[in-house]
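These notes concern the structure reproduced below.
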Amino acid sequence: MKKILILKIVILLNIVFLCFKAFSDDAIKIGLLVPLSGKNEALGKSIIKASLLAINKINDERIMVIPKDTKNNPYSALLAAQELKNKGVKIIIGPVFNKNIKNLHKIEGVTFLSFTNKIIENPKNVIAGG
């Protein structure tokens with residue numbers, strides 16, 4: 001399970017990196033929406049570790065990952081996503097759980113790469129990759 005998670009994150013980060021590499025020498029800010037509190041805290045911390053491993057494999061100092069806690073709550077996920085957008089983040093990996101993506105259509109100009117495997121009625125700015 002953990003190896004699959006690391007592989008998914010490596011693939012997602014490589015896609016993001018390749019898209020930005022052709023266009024910019026500036027910092028590449030990638031948001032990470034994961035549960036960092038509550039019963040799924042361990043999962044969120046594992047995703048952060050996997051993301052850092054993936055970034056080390058890409059080996060580009062321009063990449064900056066900014067994690068935020070969703071608290072496994074749709075409203076908290078929305079607030080965290082808005083904070084990331086305000087920091088100039090255009091690509092956000094996460095949220096992990098489908099219930100937390102329902103309000104993300106309100107965040108315009110940001111694309112979310114969610115870990116959910118559910119694709120029915122997802123917002124248009126959410127790509128399900130679970």
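Labels used: A, B, ... for chains in the order of the structure tokens, numbers from 1 for residues in each chain, and numbers from 1 for ligands as shown.
Excluding Thr111 in chain A itself and same-chain residues fewer than 4 positions from it, the residues having an atom within 9 Å of it are Lys90, Ile91, Ile92, Ile93, Ile107, Lys124, Asn125, Val126 and Ile127 of chain A, counting only C-alpha atoms.
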Emit the selected residues as a short mmCIF file (atom, residue, chain, number, x, y, z; two decimals), in the first residue's frame, including C-alpha atoms.
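File result.cif, as written:
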```cif
data_model
loop_
_atom_site.label_atom_id
_atom_site.label_comp_id
_atom_site.auth_asym_id
_atom_site.auth_seq_id
_atom_site.Cartn_x
_atom_site.Cartn_y
_atom_site.Cartn_z
CA LYS A 90 -2.01 26.50 -8.70
CA ILE A 91 -1.72 22.71 -8.26
CA ILE A 92 -2.87 20.92 -5.11
CA ILE A 93 -2.43 17.23 -4.41
CA ILE A 107 -11.53 27.69 -5.63
CA LYS A 124 -14.50 20.13 -12.75
CA ASN A 125 -11.24 21.31 -11.16
CA VAL A 126 -10.69 17.94 -9.41
CA ILE A 127 -8.85 15.08 -11.09
#
```
Query raised in the report: If you run DSSP on the backbone, which residues of chain A are helix (DSSP H, G or I), as a ChimeraX atom specification?
Result: /A:2-21,38-58,74-86,98-101,104-106
Per residue of range 68-116 of chain A within 8 Å of range 24-36 of chain A, record the nearest atom pair and its distance in Å to one decimal, counting only C-alpha atoms, with rows in chain order and ascending residue number, as a tab-separated table.
```
residue	atom	partner	partner_atom	distance
A:Lys68	CA	A:Leu33	CA	5.2
A:Asp69	CA	A:Leu36	CA	5.0
A:Thr70	CA	A:Pro35	CA	5.0
A:Lys71	CA	A:Pro35	CA	5.1
A:Asn72	CA	A:Pro35	CA	5.5
A:Ala77	CA	A:Leu33	CA	7.0
A:Ala80	CA	A:Leu33	CA	7.4
A:Ala81	CA	A:Leu33	CA	7.4
A:Leu84	CA	A:Gly31	CA	6.2
A:Gly88	CA	A:Lys29	CA	7.2
A:Val89	CA	A:Lys29	CA	5.3
A:Lys90	CA	A:Ile30	CA	7.2
A:Ile91	CA	A:Ile30	CA	5.5
A:Ile92	CA	A:Gly31	CA	4.2
A:Ile93	CA	A:Leu32	CA	4.9
A:Gly94	CA	A:Leu33	CA	4.7
A:Pro95	CA	A:Leu33	CA	4.9
A:Val96	CA	A:Val34	CA	6.2
```
Report task. Give me every strand (DSSP E) residue in range 7-126 of chain A, going by DSSP on the backbone, as a PyMOL selection string. Result -> chain A and resi 28-34+63-69+91-93+111-114+126
